[in-house]
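Here is the structure we will look at.
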Amino acid sequence: MLFDEAACGLLVTSRDGVIRRVNKTFCRWMGYCASELVGLRRIQDLLTMGGRIFHQTHWAPLLQIQGSVAEVKLDLVHQAGHTIPIILNAVRHEYPAGVFHELAVFVAEDRHKYEREHVLARQRAEELLIKQREAQQALEVAQAKLRLALESAQLLVWDVDPETAERRYEEGVASLLGFDAPQTITDQQYASFIEPGDREREQLAFSQALNTYGEAYRCVYRLNGVDGIQRTVSSSGRGLFKADGSLHQFVGILQDITELSQQRAEAEDRALFAEQMVGIVSHDLRNPLSAIRMGIHLLERGEVTPVQAQVLSHLTHSTDRAQRLIADLLDFTVARVGQGITLSHEPIQLHELVSASVTELTLAFPDRAMEHSACGEGVCMGDADRITQVIGNLVSNAMAYGAIDRTVTVRSGIEEDTFWISVHNHGTPIPEDVLPDLFEPMTRGGSGNNKARSVGLGLFIVREIIRAHEGDIHVTSSAGKGTTFTAIFPRRAMASA
C-alpha cells in the first residue's frame, strides 16, 4: 500500500529503461494503467524529445558512472498529449536478478510556475535595471546641459523648503551680493540685501505665487552688495502643488540684469532726446520759413520777369512742402514724446467739411481727377482741423501711390453711432508684407509716382489722430479693386461732447 499510494511516483526499470514496476500514483498522474506500462514502455518513451536526448547523453552515463542522479527536472508526456513538469531522482542497484534503476518522480507544476515567474521577474528586473541606468545617464546628460545653459545665461538657481517656506540659494548667488567666493546664503541674509524700497513689493509677489496654484513669480528688484555696488536682479519661479493644494516644490532662477537695465535706460534716453530734438528743431524752423514765405509774397507784388515768377513759384511750392514736413514732425513728436495729439471737439457738418477739403486738394493736384460722394445725414462731433488733416494725408498718399490716369474717390458717410471717411485709388496694390506695419513711422507702401512724397509720417499721424478720436482705420488693397483707406469715428451726442 505504501508503494502504490505514495505521495510521489515510484518506478523500477531495467538497465535499458523498460518499466518493470510502477505505482498507482504515477499511473494516475500520467493517465495510464499499470498494465499499459509494465513491460511495454520505457521511461524514455514518456519523455519529450529534449528529455530523451538528455536521458541518452547525461542521465544514463551518470547512473552508470556514479550510480545515482538527483533532482533532474524534465517534462513527461501525459497520455492526453500535454506535458507535465517533474523532478526525478534515480538510483542504480545491482541484484542477483540483474541491474535495475529505481526512480522517484515528483510533479513540479507549482515549482515550474515559480521558476518561470522567477525567471520572468529576473528578466524584468534586468530590463528595469538597464532602463534605470539609461535614465540615470540621460539625467546626468540633461543636468550637464542644464548647468551649461544656466552658466551660459548667467542664471542662478534657488528653491523653497516646503516645510518652512524659506528660500534656499545655491552658493553662486553670493556673487550677486558682492562676495568674492561662493558661500551659503540664508533666506534672511539674502532679504537683508534687497533695496528697502523694493522689499515689500518683492515679498508680496513671492507670497502670491507661493500660496496660489498656477501663479508664476516674477519680480525685478535691486540688491545692495557688500562691495558697494547696487545690482538689478530679475527673479522668477513657479511652484508645484499636491492634490490637496499643499506645496510640493518651488523652483526659481536669478539673473543679473544690471547692464541690460542700464543699456535700456540709456537707449530710452537717447530715443527721447532724439525725438525731443526733432520737435525742437521742427518748431524753431517755423519762424524762418514764415519769413521766407513772407518775403516771397512781397517779391510777387512787385514787377517780376517771367523767369523770376517761375522761380518764386518754385520757392512757394518748396516752402509749403517744408511747412507740411515740419507740421508732420511736430505731430510725430507730440504723439511719441508728449501727451498725444490733442483735439478740440465741436459740431461739424461732415459732408461739407469733406467737400471743402476735396475742393482745396483739387487745386493742389490740378492734373489729377478727384471726386467726392456722400451718404447719410446729421451733425457729427470731432476736431474739424484734424479731420481735414486726415483727409489731406490720405489723399496725398493716394496721389503719390495711385495710378495717375485714374480718379481718386473720397467718400463720407454718417450712420447712427459712427461716421466714416474713405479714400480710394487705383494702381499697384500694397504688398502684403507691408500692410501690418503700414501705419508705423518711416513706412512707405511701395514705389510711388509723386515727387512730393513725405518722410513717411503721414499715415502714422493719420492713425494717431483717429485714435485720439477713439476711432480706427483699416486698409484693403488688391490689383482688381484698388486700395481703400477707411477711417471710422464714433459719432458722439452733442450733450456728451
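The way I read the labels, and the way they are meant: chains A, B, ... in the order of the C-alpha cells, residue 1 as the first residue of every chain, and ligand 1 as the first ligand shown, with later ones counted on from there.
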
For A:Ala153: contacts at 12 Å, only C-alpha atoms, fewer than 4 positions along chain excluded, given as a list in words: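 Contacts, with the query itself left out: Leu146, Arg147, Leu148, Ala149, Val157, Ile253, Leu254, Gln255, Asp256 and Ile257 of chain A.
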
Selection near stretch 85-93 of chain A, 8 Å with only C-alpha atoms, sequence-local residues under 6 positions removed, as a list in words: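 Within the cut-off, the hits are Leu63, Gln64, Gly67, Ser68, Val69, Ala70, Glu71, Val72, Lys73, Leu74, Asp75, Leu76, Val99, Phe100, His101, Glu102, Leu103, Ala104, Val105, Phe106, Val107, Ala108, Glu109 and His112 of chain A.
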
Would you mind exporting C-alpha atoms of the selected residues as a PDB file, in the first residue's frame?
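File written: out.pdb
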ATOM      1  CA  LEU A  63      23.807   6.417 -13.494  1.00  0.00           C
ATOM      2  CA  GLN A  64      26.466   4.160 -14.932  1.00  0.00           C
ATOM      3  CA  GLY A  67      25.102   5.230  -9.522  1.00  0.00           C
ATOM      4  CA  SER A  68      22.557   7.969  -8.942  1.00  0.00           C
ATOM      5  CA  VAL A  69      21.009  11.101 -10.393  1.00  0.00           C
ATOM      6  CA  ALA A  70      19.278  13.661  -8.171  1.00  0.00           C
ATOM      7  CA  GLU A  71      16.762  16.448  -8.834  1.00  0.00           C
ATOM      8  CA  VAL A  72      16.657  16.262 -12.591  1.00  0.00           C
ATOM      9  CA  LYS A  73      13.891  18.485 -13.998  1.00  0.00           C
ATOM     10  CA  LEU A  74      12.223  17.023 -17.085  1.00  0.00           C
ATOM     11  CA  ASP A  75       8.847  17.043 -18.845  1.00  0.00           C
ATOM     12  CA  LEU A  76       6.760  13.841 -19.182  1.00  0.00           C
ATOM     13  CA  VAL A  99      20.748  -4.312 -12.630  1.00  0.00           C
ATOM     14  CA  PHE A 100      17.689  -2.156 -12.012  1.00  0.00           C
ATOM     15  CA  HIS A 101      17.030   1.567 -11.828  1.00  0.00           C
ATOM     16  CA  GLU A 102      14.732   2.777  -9.035  1.00  0.00           C
ATOM     17  CA  LEU A 103      13.059   6.130  -9.738  1.00  0.00           C
ATOM     18  CA  ALA A 104      11.115   8.592  -7.598  1.00  0.00           C
ATOM     19  CA  VAL A 105       9.059  11.144  -9.542  1.00  0.00           C
ATOM     20  CA  PHE A 106       7.600  14.395  -8.113  1.00  0.00           C
ATOM     21  CA  VAL A 107       5.189  16.649 -10.012  1.00  0.00           C
ATOM     22  CA  ALA A 108       6.703  20.145 -10.229  1.00  0.00           C
ATOM     23  CA  GLU A 109       3.777  22.239 -11.512  1.00  0.00           C
ATOM     24  CA  HIS A 112       7.702  25.139 -12.534  1.00  0.00           C
TER      25      HIS A 112
END

Determine, counting only C-alpha atoms, which protein, DNA and RNA residues have an atom within 6 Å of an atom of A:Asp227; residues of the same chain fewer than 2 positions away are not included. Present the result as a PDB file with C-alpha atoms, in the first residue's frame.
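So the final result, stored in out.pdb, reads:
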ATOM      1  CA  GLY A 178      29.235  91.234  -3.830  1.00  0.00           C
ATOM      2  CA  GLY A 225      26.096  94.329  -2.393  1.00  0.00           C
ATOM      3  CA  ILE A 229      27.638  98.032  -5.967  1.00  0.00           C
TER       4      ILE A 229
END

Exercise: A:Ile465 partners within 8 Å, only C-alpha atoms, chain neighbours under 6 positions left out, as a ChimeraX atom specification: /A:341,386-387,390

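Using only C-alpha atoms, the shortest contact distance between A:Gly81 and any of A:Leu47, A:Ala468, A:Leu457, A:Leu353 is found at A:Leu47.
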
Secondary structure check, alpha helix (DSSP H) residues of stretch 142-178 of chain A, as a list in words: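 So the alpha helix (DSSP H) residues in stretch 142-178 of chain A would be Ala142, Gln143, Ala144, Lys145, Leu146, Arg147, Leu148, Ala149, Leu150, Glu151 and Ser152 of chain A.
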
Keeping only N, CA and C atoms, write those residues as a short mmCIF file (atom, residue, chain, number, x, y, z; two decimals), in the first residue's frame.
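part02.cif written:
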data_model
loop_
_atom_site.label_atom_id
_atom_site.label_comp_id
_atom_site.auth_asym_id
_atom_site.auth_seq_id
_atom_site.Cartn_x
_atom_site.Cartn_y
_atom_site.Cartn_z
N ALA A 142 21.25 65.51 -19.11
CA ALA A 142 20.33 66.65 -19.02
C ALA A 142 20.79 67.65 -17.97
N GLN A 143 21.26 67.14 -16.83
CA GLN A 143 21.75 68.03 -15.79
C GLN A 143 22.97 68.80 -16.26
N ALA A 144 23.86 68.11 -17.01
CA ALA A 144 25.05 68.80 -17.52
C ALA A 144 24.65 69.89 -18.52
N LYS A 145 23.67 69.56 -19.40
CA LYS A 145 23.21 70.57 -20.36
C LYS A 145 22.54 71.74 -19.64
N LEU A 146 21.72 71.41 -18.63
CA LEU A 146 21.04 72.46 -17.88
C LEU A 146 22.05 73.35 -17.17
N ARG A 147 23.04 72.74 -16.56
CA ARG A 147 24.07 73.53 -15.86
C ARG A 147 24.83 74.41 -16.85
N LEU A 148 25.15 73.85 -18.03
CA LEU A 148 25.85 74.64 -19.05
C LEU A 148 24.98 75.80 -19.52
N ALA A 149 23.68 75.51 -19.72
CA ALA A 149 22.77 76.58 -20.15
C ALA A 149 22.64 77.66 -19.09
N LEU A 150 22.54 77.25 -17.82
CA LEU A 150 22.43 78.22 -16.73
C LEU A 150 23.68 79.08 -16.64
N GLU A 151 24.84 78.43 -16.78
CA GLU A 151 26.10 79.19 -16.70
C GLU A 151 26.24 80.12 -17.90
N SER A 152 25.84 79.64 -19.10
CA SER A 152 25.95 80.49 -20.29
C SER A 152 25.04 81.71 -20.18
#

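Using only C-alpha atoms, the smallest distance between any of A:Val304, A:Asp16, A:Arg41, A:Val408 and A:Pro61 comes from A:Asp16.
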
Residues of stretch 50-203 of chain A in strand (DSSP E), written as number ranges by chain: A: 68-77, 83-95, 98-107, 155-160, 167-169

Put those residues in a file: C-alpha atoms, as a PDB file, in the first residue's frame.
ATOM      1  CA  SER A  68      22.557   7.969  -8.942  1.00  0.00           C
ATOM      2  CA  VAL A  69      21.009  11.101 -10.393  1.00  0.00           C
ATOM      3  CA  ALA A  70      19.278  13.661  -8.171  1.00  0.00           C
ATOM      4  CA  GLU A  71      16.762  16.448  -8.834  1.00  0.00           C
ATOM      5  CA  VAL A  72      16.657  16.262 -12.591  1.00  0.00           C
ATOM      6  CA  LYS A  73      13.891  18.485 -13.998  1.00  0.00           C
ATOM      7  CA  LEU A  74      12.223  17.023 -17.085  1.00  0.00           C
ATOM      8  CA  ASP A  75       8.847  17.043 -18.845  1.00  0.00           C
ATOM      9  CA  LEU A  76       6.760  13.841 -19.182  1.00  0.00           C
ATOM     10  CA  VAL A  77       4.105  13.482 -21.879  1.00  0.00           C
ATOM     11  CA  THR A  83       3.298  17.763 -20.750  1.00  0.00           C
ATOM     12  CA  ILE A  84       3.809  17.535 -17.006  1.00  0.00           C
ATOM     13  CA  PRO A  85       6.923  19.067 -15.414  1.00  0.00           C
ATOM     14  CA  ILE A  86       8.558  16.655 -12.956  1.00  0.00           C
ATOM     15  CA  ILE A  87      11.544  16.386 -10.619  1.00  0.00           C
ATOM     16  CA  LEU A  88      13.207  12.954 -10.897  1.00  0.00           C
ATOM     17  CA  ASN A  89      15.616  11.106  -8.605  1.00  0.00           C
ATOM     18  CA  ALA A  90      17.171   7.792  -9.771  1.00  0.00           C
ATOM     19  CA  VAL A  91      19.359   5.141  -8.084  1.00  0.00           C
ATOM     20  CA  ARG A  92      21.159   2.213  -9.788  1.00  0.00           C
ATOM     21  CA  HIS A  93      21.094  -1.075  -7.826  1.00  0.00           C
ATOM     22  CA  GLU A  94      22.537  -4.475  -8.680  1.00  0.00           C
ATOM     23  CA  TYR A  95      20.616  -7.555  -7.612  1.00  0.00           C
ATOM     24  CA  GLY A  98      20.252  -8.124 -12.638  1.00  0.00           C
ATOM     25  CA  VAL A  99      20.748  -4.312 -12.630  1.00  0.00           C
ATOM     26  CA  PHE A 100      17.689  -2.156 -12.012  1.00  0.00           C
ATOM     27  CA  HIS A 101      17.030   1.567 -11.828  1.00  0.00           C
ATOM     28  CA  GLU A 102      14.732   2.777  -9.035  1.00  0.00           C
ATOM     29  CA  LEU A 103      13.059   6.130  -9.738  1.00  0.00           C
ATOM     30  CA  ALA A 104      11.115   8.592  -7.598  1.00  0.00           C
ATOM     31  CA  VAL A 105       9.059  11.144  -9.542  1.00  0.00           C
ATOM     32  CA  PHE A 106       7.600  14.395  -8.113  1.00  0.00           C
ATOM     33  CA  VAL A 107       5.189  16.649 -10.012  1.00  0.00           C
ATOM     34  CA  LEU A 155      21.367  82.210 -14.251  1.00  0.00           C
ATOM     35  CA  LEU A 156      21.451  81.139 -10.602  1.00  0.00           C
ATOM     36  CA  VAL A 157      19.012  78.664  -9.044  1.00  0.00           C
ATOM     37  CA  TRP A 158      17.038  78.803  -5.812  1.00  0.00           C
ATOM     38  CA  ASP A 159      14.213  76.723  -4.376  1.00  0.00           C
ATOM     39  CA  VAL A 160      11.818  76.707  -1.416  1.00  0.00           C
ATOM     40  CA  ARG A 167      14.113  80.095   0.134  1.00  0.00           C
ATOM     41  CA  ARG A 168      17.364  78.168  -0.339  1.00  0.00           C
ATOM     42  CA  TYR A 169      20.002  79.677  -2.617  1.00  0.00           C
TER      43      TYR A 169
END

Spatial neighbours of stretch 423-438 of chain A, 7 Å, only C-alpha atoms, chain gap at least 3 places, as number ranges by chain: A: 394-395, 398, 402-403, 406-411, 443-446, 477-479, 482-486
